[in-house]
Amino acid sequence: MTLREMSVEYRAQAQVLQGRIKELKTLRKTLQEEEERLRVDHRIHILQLIWREARDLAVLLEHYYERGYRRNGRYTL
């Protein structure tokens with residue numbers, strides 16, 4: 001598997017994560033208990049972190065072999 005092919009997988013997973021985040025935000029609006037809302041908020045936060053990493057890695061892998069591409073300082077291969 002090439003890095004470009006891996007980037008497609010990362011991007012697809014980022015879309016799945018984004019969909020789940022939207023579902024949880026909708027669910028949060030219906031919850032009445034504060035404790036449940038806090039649990040959902042925490043889950044949303046964790047999923048957003050994972051989503052950002054998947055998205056950033058997809059971009060890095062898409063452009064890894066391009067000359068002049070300015071790489072993200074957070075990730076090195």
# chains A, B, ... in the order shown; residues from 1 in each chain; ligands from 1
$ residues_around --residues "region 2-12 of chain A" --least-positions-apart "5" --cutoff "8 Å" --atoms "only C-alpha atoms" --output "ChimeraX atom specification"
/A:54-55,57-64
$ residues_around --residues "region 13-17 of chain A" --least-positions-apart "6" --cutoff "8 Å" --atoms "only C-alpha atoms" --output "VMD selection string"
chain A and resid 47 to 48 50 to 52 54 to 55
$ select_by_dssp --residues "chain A" --states "helix (DSSP H, G or I)" --output "MDAnalysis selection string"
chainID A and resid 3:30 34:63
$ atom_distance --atom1 "CA of Ile21 (chain A)" --atom2 "CA of Asp56 (chain A)"
17.2 Å
$ residues_around --residues "region 40-44 of chain A" --least-positions-apart "2" --cutoff "12 Å" --atoms "only C-alpha atoms" --output "VMD selection string"
chain A and resid 17 to 38 46 to 51
